[in-house]
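Data block below; observations after.
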Amino acid sequence: MNMRAYFYHTVVRSRMSGPFETTFRVAEVTNAEPFPEARKPELVKVWLDFGDETRQSAAQLGYHHDVQDLPGRQVLCATNLGTVTIAGFESQALVVGVPGEDGNPVLVTPDEDVPLGGELY
């Protein structure tokens with residue numbers, strides 16, 4: 001092993017906690033309902049099961065997802081960003097999406113079911 005590789009593996013890598021400062025975990029949506037009280041269009045209230053804990057979130061999913069189809073789906077969530085209160089509802093996680101062709105959020109989901117609470121790496 002050359003000196004550069006040795007340095008990376010023994011010094012740099014040992015100091016890294018991971019590639020992200022944000023923790024992304026897999027959750028299953030256990031319940032979802034429309035959120036008409038919110039100012040943002042197409043906002044949805046979702047309740048999330050991470051396996052070892054449950055949280056709730058307000059997610060702008062109504063553009064590409066029917067509320068009644070969300071329960072049972074696995075989603076990727078940022079879990080260490082703190083909480084935000086939106087129209088009296090405490091959002092405790094950020095459900096992750098990417099822009100669709102129209103620019104509105106489309107869920108980021110695993111291709112197959114995975115253990116709840118699993119972290120992105």
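Going by the structure tokens order, chains are called A, B, ..., each with residues numbered from 1, while ligands are numbered from 1 in the order shown.
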Test item: residues at most 10 Å from region 63-80 of chain A, only C-alpha atoms, excluding those fewer than 2 positions along its chain, as a PyMOL selection string: chain A and resi 21-34+41-50+55+57+60-61+82-83+92-97+100+102-120
Alpha helix (DSSP H) call set, DSSP backbone run, chain A, as an mmCIF file with N, CA and C atoms, in the first residue's frame:
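What follows is the written file states_6.cif:
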```cif
data_model
loop_
_atom_site.group_PDB
_atom_site.id
_atom_site.type_symbol
_atom_site.label_atom_id
_atom_site.label_comp_id
_atom_site.auth_asym_id
_atom_site.auth_seq_id
_atom_site.Cartn_x
_atom_site.Cartn_y
_atom_site.Cartn_z
ATOM 1 N N MET A 3 1.863 5.309 0.420
ATOM 2 C CA MET A 3 1.687 6.209 1.564
ATOM 3 C C MET A 3 0.354 6.952 1.512
ATOM 4 N N ARG A 4 -0.063 7.354 0.326
ATOM 5 C CA ARG A 4 -1.324 8.076 0.181
ATOM 6 C C ARG A 4 -2.496 7.180 0.589
ATOM 7 N N ALA A 5 -2.513 5.950 0.121
ATOM 8 C CA ALA A 5 -3.574 5.011 0.475
ATOM 9 C C ALA A 5 -3.556 4.711 1.969
ATOM 10 N N TYR A 6 -2.372 4.540 2.531
ATOM 11 C CA TYR A 6 -2.233 4.290 3.963
ATOM 12 C C TYR A 6 -2.818 5.452 4.760
ATOM 13 N N PHE A 7 -2.468 6.690 4.387
ATOM 14 C CA PHE A 7 -2.973 7.864 5.075
ATOM 15 C C PHE A 7 -4.496 7.908 5.017
ATOM 16 N N ARG A 13 -10.146 8.136 6.886
ATOM 17 C CA ARG A 13 -11.322 7.279 7.001
ATOM 18 C C ARG A 13 -11.736 7.087 8.459
ATOM 19 N N SER A 14 -10.772 7.012 9.357
ATOM 20 C CA SER A 14 -11.113 6.825 10.767
ATOM 21 C C SER A 14 -11.826 8.047 11.342
ATOM 22 N N ARG A 15 -11.659 9.221 10.750
ATOM 23 C CA ARG A 15 -12.301 10.448 11.239
ATOM 24 C C ARG A 15 -13.655 10.694 10.598
#
```
Backbone DSSP call of strand (DSSP E) for chain A, listed as a VMD selection string: chain A and resid 24 to 34 43 to 49 54 to 60 74 to 78 84 to 86 89 to 91 94 to 95 97 to 99 105 to 107
CA of Ala59 (chain A) to CA of Ala38 (chain A), straight-line distance in Å: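 These two atoms are separated by 10.7 Å.
Here CA of Gly62 (chain A) stands at a distance of 13.3 Å from CA of Arg39 (chain A).
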Computed interatomic separation between CA of Gly88 (chain A) and CA of Thr54 (chain A) (Å):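 Interatomic distance here is 18.6 Å.
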Using only C-alpha atoms: which of A:Glu53, A:Ala58, A:Tyr121, A:Lys40 has the shortest distance to Val84 (chain A): A:Ala58
